[in-house]
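A.B. asks: Sharing a structure below in structure tokens format, with a few things to ask.
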Amino acid sequence: MKEQKVRTRFAPSPTGYLHIGGLRTALYGYLFAKKHGGDFILRIEDTDLQRYVEGSVEIIYDTLKDAGILYDEGPDVGGDFGPYVQSERRDIYHKYAQELIRRGGAYYCFCDKERIESLRDENGNCRYDKHCLHLSEKEIEEKLKSGVPYVIRQNIPETGTGSYHDLVYGDISVDFKDMEDGILIKSDGMPTYNFANVVDDHLMGITHVIRGSEYLSSTPKYNLMYDAFGWERPVYIHLPPIMKDERHKLSKRNGDASYADFVEKGFVKEAIVNYIALLGWSPKENAEKMTLAEMVEKFSLDGISKSPSIFDETKMRWLSGEYIKEMSDEEFVSRGLEFFKKSKVYGKYDLNKLAALLKTRVETFGEIPEKVDFLEEFGPYDPALFTHKKMKTDLEVAKKVLPAARELLASLPSFDFQTLHDELMALVARLGMKNGQVLWCVRVAISGRESTPGGVMELAEILGKEETLRRMDFSIGMIGAK
RNA sequence: GGCCCCUUGGUCAAGCGGUUAAGACACCACCCUUUCACGGUGGUAUCAUGGGUUCGAGUCCCGUAGGGGUCACCA
């Protein structure tokens with residue numbers, strides 16, 4: 001057997017945003033090709049002009065590039081097997097349709113909608129009866145000449161079984177009697193997916209077809225065509241679906257979040273790609289957080305599962321947080337800048353300083369505004385916040401701590417972290433209290449929040465002396481301490 | 001409904017005839033700590049079900065149930 005260079009493809013139709021499932025299919029195609037030193041190709045399947053959505057081709061290009069899934073050939077990057085857009089390949093499909101007819105694998109059909117409808121059975125299903133297969137050459141000639149609308153159908157044997165081996169699902173067999181003579185060329189002259197994918201995959205030298213499991217049972221039909229043409233069948237790798245819950249597939253039709261939506265929500269891109277790689281595939285030795293290069297290295301088909309997996313945003317959020325934690329402050333600021341801009345603190349504080357505090361407290365950039373807005377927003381809050389069992393503190397403790405702390409803070413010549421730290425700790429000692437009692441109370445007093453990015457010292461330093469004292473006064477007044 | 005496929009904790013999952021049935025997320029507890037976080041340690045929780053085969057079954061076979069897919073001039 002001669003060594004053949006692996007070629008895989010991702011073939012989306014331009015009908016809107018690239019959803020999570022599609023992205024994973026692309027990712028696996030990319031990983032598999034790269035793992036074997038092969039090429040990954042992008043092909044646009046736009047044979048259905050009804051469903052075409054303006055701008056979605058660009059979204060596909062941008063999303064794949066943004067996610068780091070780079071293709072070696074495609075409409076915008078070129079290649080030796082173009083064009084890579086199906087609507088530009090009409091003539092090719094027609095030429096091969098003619099050849100398939102000559103080889104007995106397909107035939108003209110002139111039946112109109114009414115006749116097809118009349119074939120409906122009691123369940124409402126209709127199945128073409130091969131009526132036009134038996135037209136004479138002369139009849140076909142005449143109808144063609146007089147311009148009767150037609151389609152070209154696949155000629156499927158009435159008996160027998162179509163079998164193939166899928167690298168994920170194993171051996172699959174479907175009886176020909178359960179398949180219909182599907183349409184290959186529509187009356188508008190465009191091919192259907194059923195025909196175009198076979199012709200293109202062969203012409204483009206695709207060695208491994210990687211796609212969703214919804215094609216599992218129609219694949220024997222495609223094999224019939226490969227066989228009729230005398231072409232070598234590709235290796236099939238079908239992928240289990242990604243579900244939204246145990247019953248429903250994740251889909252854009254339901255308005256489920258797409259890759260772009262998650263980026264917009266502030267998830268770290270690498271985390272999104274990393275997470276979807278793990279949905280339906282588990283690498284050996286348990287790796288979880290991986291770079292694309294590591295995924296390529298570890299990718300292996302026997303780690304792909306057959307059963308559907310449910311998309312868990314919580315776990316993806318955790319992964320995103322892991323990526324954030326290892327960023328430098330500068331990287332955090334630049335990658336999360338858009339979200340800092342949405343917050344009330346933008347332009348008023350040192351973002352690098354905030355970044356240092358935020359990194360361990362945030363899992364997506366989207367949480368930035370809610371975490372920092374209190375720096376600019378301060379007002380009445382629930383005094384119950386002063387009560388915390390573990391810290392052994394309550395309102396009474398606060399009434400004692402706050403005035404003393406206020407006096408101390410007002411007397412400080414410098415408001416840097418170190419001074420704040422030393423002085424506050426000294427105060428703890430003087431009051432004969434526990435660290436938590438003083439620190440918890442003061443932190444609540446100057447933030448009005450139960451949870452904040454950073455402790456009292458960091459917050460006081462960021463807020464500055466004037467604002468800190470103003471907030472202390474407010475809190476002291478609010479709880480009636482003096 | 002016919003056909004194809006799937007079924008290990010709440011979720012992602014390892015396991016490929018003999019294991020105390022990994023690991024991760026989530027959850028809970030505790031520890032650490034300059035409060036919130038981070039980090040650390042530990043814990044709760046899974047083989048859908050009934051039959052076989054076998055000395056032995058989560059692992060193999062058959063049935064049942066549940067779920068998904070497909071049956072378009074959509075991909």
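Order determines the names: the first chain of the structure tokens is A, the second B, and so forth; residues in each chain are numbered 1 upward, and ligands are numbered 1 upward as they are shown.
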Kindly assemble as CSV a list of the chain A residues that lie within 6 Å of chain B, each paired with its nearest atom pair and their distance in Å to one decimal, using only C-alpha atoms (C1' of nucleotides), sorted first by chain and then by ascending residue number.
C.D. replies:
```
residue,atom,partner,partner_atom,distance
A:Lys186,CA,B:C73,C1',4.7
A:Glu214,CA,B:G69,C1',5.3
A:Ser217,CA,B:C4,C1',5.3
A:Ser307,CA,B:C6,C1',5.2
A:Lys315,CA,B:C25,C1',4.9
A:Thr360,CA,B:C38,C1',5.8
A:Arg361,CA,B:A37,C1',5.5
A:Gly436,CA,B:U35,C1',5.3
A:Leu439,CA,B:U35,C1',4.9
A:Trp440,CA,B:U35,C1',4.4
A:Ser451,CA,B:C36,C1',4.6
A:Thr452,CA,B:C36,C1',5.4
```
A.B. asks: As a list in words, please: the residues near Glu467 (chain A) (cut-off 12 Å, only C-alpha atoms (C1' of nucleotides), same-chain neighbours under 2 positions excluded).
C.D. replies: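 Returned residues: Leu375, Glu376, Glu377, Phe378, Arg406, Leu409, Ala410, Phe415, Ala445, Ile446, Ser447, Leu459, Ala460, Glu461, Ile462, Leu463, Gly464, Lys465, Leu469, Arg470, Arg471, Met472, Asp473 and Phe474 of chain A.
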A.B. asks: Please compute the CA of Ile368 (chain A)-CA of Trp318 (chain A) distance, one decimal, in Å.
C.D. replies: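 These two atoms are separated by 15.6 Å.
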A.B. asks: Which residue, A:Gly379, A:Asp416, A:Thr8, A:Lys359, has the smallest gap to Gly454 (chain A) when you use only C-alpha atoms?
C.D. replies: A:Lys359
A.B. asks: Nearest residue to Gly230 (chain A) out of A:Lys34, A:Glu99, A:Leu385, A:Glu313, using only C-alpha atoms?
C.D. replies: A:Glu99
A.B. asks: Expressed in Å to a single decimal, how great is the separation between CA of Thr161 (chain A) and CA of Leu216 (chain A)?
C.D. replies: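 Between these atoms lies a distance of 14.5 Å.
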A.B. asks: Excluding region 51-63 of chain B and residues on its chain fewer than 3 positions from it, collect all residues at most 8 Å away from it, counting only C-alpha atoms (C1' of nucleotides), and give them as a ChimeraX atom specification.
C.D. replies: /B:8,15-18,21,47
A.B. asks: With N, CA and C atoms (P, O5', C5', C4', C3', O3' and C1' of nucleotides) retained, write the just-selected residues as a short mmCIF file (atom, residue, chain, number, x, y, z; two decimals), in the first residue's frame.
C.D. replies:
```
data_model
loop_
_atom_site.label_atom_id
_atom_site.label_comp_id
_atom_site.auth_asym_id
_atom_site.auth_seq_id
_atom_site.Cartn_x
_atom_site.Cartn_y
_atom_site.Cartn_z
P U B 8 -23.37 6.25 29.78
"O5'" U B 8 -22.75 5.75 31.16
"C5'" U B 8 -23.38 4.70 31.86
"C4'" U B 8 -22.58 4.39 33.09
"C3'" U B 8 -22.19 5.61 33.91
"O3'" U B 8 -23.24 5.95 34.81
"C1'" U B 8 -20.29 4.28 33.55
P G B 15 -9.76 4.02 27.95
"O5'" G B 15 -9.94 2.79 28.92
"C5'" G B 15 -8.95 2.51 29.93
"C4'" G B 15 -9.63 1.66 30.99
"C3'" G B 15 -10.03 0.31 30.42
"O3'" G B 15 -9.28 -0.71 31.10
"C1'" G B 15 -11.83 1.36 31.63
P C B 16 -8.58 -1.87 30.45
"O5'" C B 16 -9.76 -2.75 29.92
"C5'" C B 16 -9.46 -3.67 28.95
"C4'" C B 16 -10.71 -3.82 28.17
"C3'" C B 16 -10.51 -4.83 27.05
"O3'" C B 16 -11.19 -6.02 27.45
"C1'" C B 16 -11.25 -2.72 26.20
P G B 17 -10.34 -7.39 27.19
"O5'" G B 17 -10.85 -8.20 28.48
"C5'" G B 17 -12.02 -7.72 29.14
"C4'" G B 17 -12.13 -8.40 30.48
"C3'" G B 17 -10.85 -9.17 30.83
"O3'" G B 17 -10.03 -8.67 31.85
"C1'" G B 17 -12.85 -10.56 30.90
P G B 18 -10.07 -7.92 33.13
"O5'" G B 18 -10.64 -8.90 34.26
"C5'" G B 18 -11.81 -8.57 34.98
"C4'" G B 18 -11.66 -8.84 36.46
"C3'" G B 18 -10.48 -8.10 37.07
"O3'" G B 18 -10.88 -7.23 38.13
"C1'" G B 18 -10.17 -10.51 37.19
P A B 21 -13.85 -1.79 42.82
"O5'" A B 21 -13.21 -0.43 42.33
"C5'" A B 21 -12.31 -0.45 41.25
"C4'" A B 21 -12.74 0.51 40.20
"C3'" A B 21 -13.08 1.92 40.67
"O3'" A B 21 -11.88 2.61 40.95
"C1'" A B 21 -14.60 1.24 39.01
P C B 47 -24.86 2.40 39.45
"O5'" C B 47 -23.91 1.56 38.48
"C5'" C B 47 -24.47 0.94 37.36
"C4'" C B 47 -23.77 1.47 36.13
"C3'" C B 47 -24.01 0.65 34.88
"O3'" C B 47 -24.31 1.54 33.81
"C1'" C B 47 -21.68 0.75 35.39
#
```
A.B. asks: Per DSSP on the backbone, filter region 164-199 of chain A down to the residues in strand (DSSP E) and report them as number ranges by chain.
C.D. replies: A: 164-166, 170-175, 183-185
A.B. asks: Which residues in region 260-331 of chain A does DSSP call helix (DSSP H, G or I)? List them as a VMD selection string.
C.D. replies: chain A and resid 260 to 264 269 to 278 284 to 286 292 to 298 301 to 303 313 to 325 329 to 331
A.B. asks: Print the selection's residues with C-alpha atoms to a file, as a PDB file, in the first residue's frame.
C.D. replies:
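again.pdb written:
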```pdb
ATOM      1  CA  ALA A 260     -18.621  34.282  18.717  1.00  0.00           C
ATOM      2  CA  ASP A 261     -21.195  34.606  21.498  1.00  0.00           C
ATOM      3  CA  PHE A 262     -18.824  33.087  24.009  1.00  0.00           C
ATOM      4  CA  VAL A 263     -15.985  35.330  22.919  1.00  0.00           C
ATOM      5  CA  GLU A 264     -18.345  38.238  23.342  1.00  0.00           C
ATOM      6  CA  LYS A 269     -10.645  31.864  23.152  1.00  0.00           C
ATOM      7  CA  GLU A 270      -8.082  29.194  23.808  1.00  0.00           C
ATOM      8  CA  ALA A 271     -10.323  27.880  26.556  1.00  0.00           C
ATOM      9  CA  ILE A 272     -13.294  27.607  24.220  1.00  0.00           C
ATOM     10  CA  VAL A 273     -11.287  25.636  21.678  1.00  0.00           C
ATOM     11  CA  ASN A 274      -9.696  23.576  24.423  1.00  0.00           C
ATOM     12  CA  TYR A 275     -13.056  22.791  25.967  1.00  0.00           C
ATOM     13  CA  ILE A 276     -14.821  21.740  22.788  1.00  0.00           C
ATOM     14  CA  ALA A 277     -11.871  19.505  21.937  1.00  0.00           C
ATOM     15  CA  LEU A 278     -12.662  17.626  25.129  1.00  0.00           C
ATOM     16  CA  LYS A 284      -4.596   9.574  26.951  1.00  0.00           C
ATOM     17  CA  GLU A 285      -3.039  10.338  30.307  1.00  0.00           C
ATOM     18  CA  ASN A 286      -5.880  12.627  31.223  1.00  0.00           C
ATOM     19  CA  LEU A 292      -3.548  23.521  20.075  1.00  0.00           C
ATOM     20  CA  ALA A 293      -0.091  22.090  19.410  1.00  0.00           C
ATOM     21  CA  GLU A 294      -0.456  19.707  22.326  1.00  0.00           C
ATOM     22  CA  MET A 295      -3.842  18.638  21.045  1.00  0.00           C
ATOM     23  CA  VAL A 296      -2.340  17.865  17.655  1.00  0.00           C
ATOM     24  CA  GLU A 297       0.307  15.790  19.335  1.00  0.00           C
ATOM     25  CA  LYS A 298      -2.135  13.869  21.506  1.00  0.00           C
ATOM     26  CA  LEU A 301      -9.269   8.473  17.073  1.00  0.00           C
ATOM     27  CA  ASP A 302      -9.610   5.791  19.715  1.00  0.00           C
ATOM     28  CA  GLY A 303     -10.249   8.520  22.250  1.00  0.00           C
ATOM     29  CA  GLU A 313     -20.663  25.907  30.273  1.00  0.00           C
ATOM     30  CA  THR A 314     -19.546  25.698  33.901  1.00  0.00           C
ATOM     31  CA  LYS A 315     -16.595  23.547  33.014  1.00  0.00           C
ATOM     32  CA  MET A 316     -15.655  25.746  30.104  1.00  0.00           C
ATOM     33  CA  ARG A 317     -15.815  28.697  32.479  1.00  0.00           C
ATOM     34  CA  TRP A 318     -13.400  26.942  34.809  1.00  0.00           C
ATOM     35  CA  LEU A 319     -10.993  26.304  31.941  1.00  0.00           C
ATOM     36  CA  SER A 320     -11.239  29.930  30.927  1.00  0.00           C
ATOM     37  CA  GLY A 321     -10.326  30.866  34.478  1.00  0.00           C
ATOM     38  CA  GLU A 322      -7.281  28.631  34.327  1.00  0.00           C
ATOM     39  CA  TYR A 323      -6.083  30.463  31.228  1.00  0.00           C
ATOM     40  CA  ILE A 324      -6.682  33.802  32.881  1.00  0.00           C
ATOM     41  CA  LYS A 325      -4.721  32.892  35.989  1.00  0.00           C
ATOM     42  CA  ASP A 329      -1.092  41.521  34.294  1.00  0.00           C
ATOM     43  CA  GLU A 330      -0.357  43.241  31.014  1.00  0.00           C
ATOM     44  CA  GLU A 331      -1.834  40.440  28.971  1.00  0.00           C
TER      45      GLU A 331
END
```
A.B. asks: Just the number, please: distance in Å from CA of Ile183 (chain A) to CA of Arg127 (chain A), one decimal.
C.D. replies: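 Distance between the two atoms: 11.7 Å.
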A.B. asks: What's around Asn352 (chain A) at 10 Å? Count only C-alpha atoms (C1' of nucleotides), leave out sequence neighbours fewer than 3 positions away in its own chain, and write the answer as a short mmCIF file (atom, residue, chain, number, x, y, z; two decimals) with C-alpha atoms, in the first residue's frame.
C.D. replies:
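Output below, filename selection_16.cif:
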```cif
data_model
loop_
_atom_site.label_atom_id
_atom_site.label_comp_id
_atom_site.auth_asym_id
_atom_site.auth_seq_id
_atom_site.Cartn_x
_atom_site.Cartn_y
_atom_site.Cartn_z
CA SER A 328 0.60 38.38 33.01
CA ASP A 329 -1.09 41.52 34.29
CA GLU A 330 -0.36 43.24 31.01
CA GLU A 331 -1.83 40.44 28.97
CA PHE A 332 -4.92 40.40 31.14
CA VAL A 333 -5.40 44.11 30.59
CA SER A 334 -4.89 44.00 26.85
CA TYR A 349 -7.50 53.56 37.91
CA ALA A 355 -5.56 43.09 36.79
CA ALA A 356 -3.31 41.64 39.47
CA LEU A 357 -6.27 41.50 41.85
CA LEU A 358 -8.80 40.36 39.30
#
```
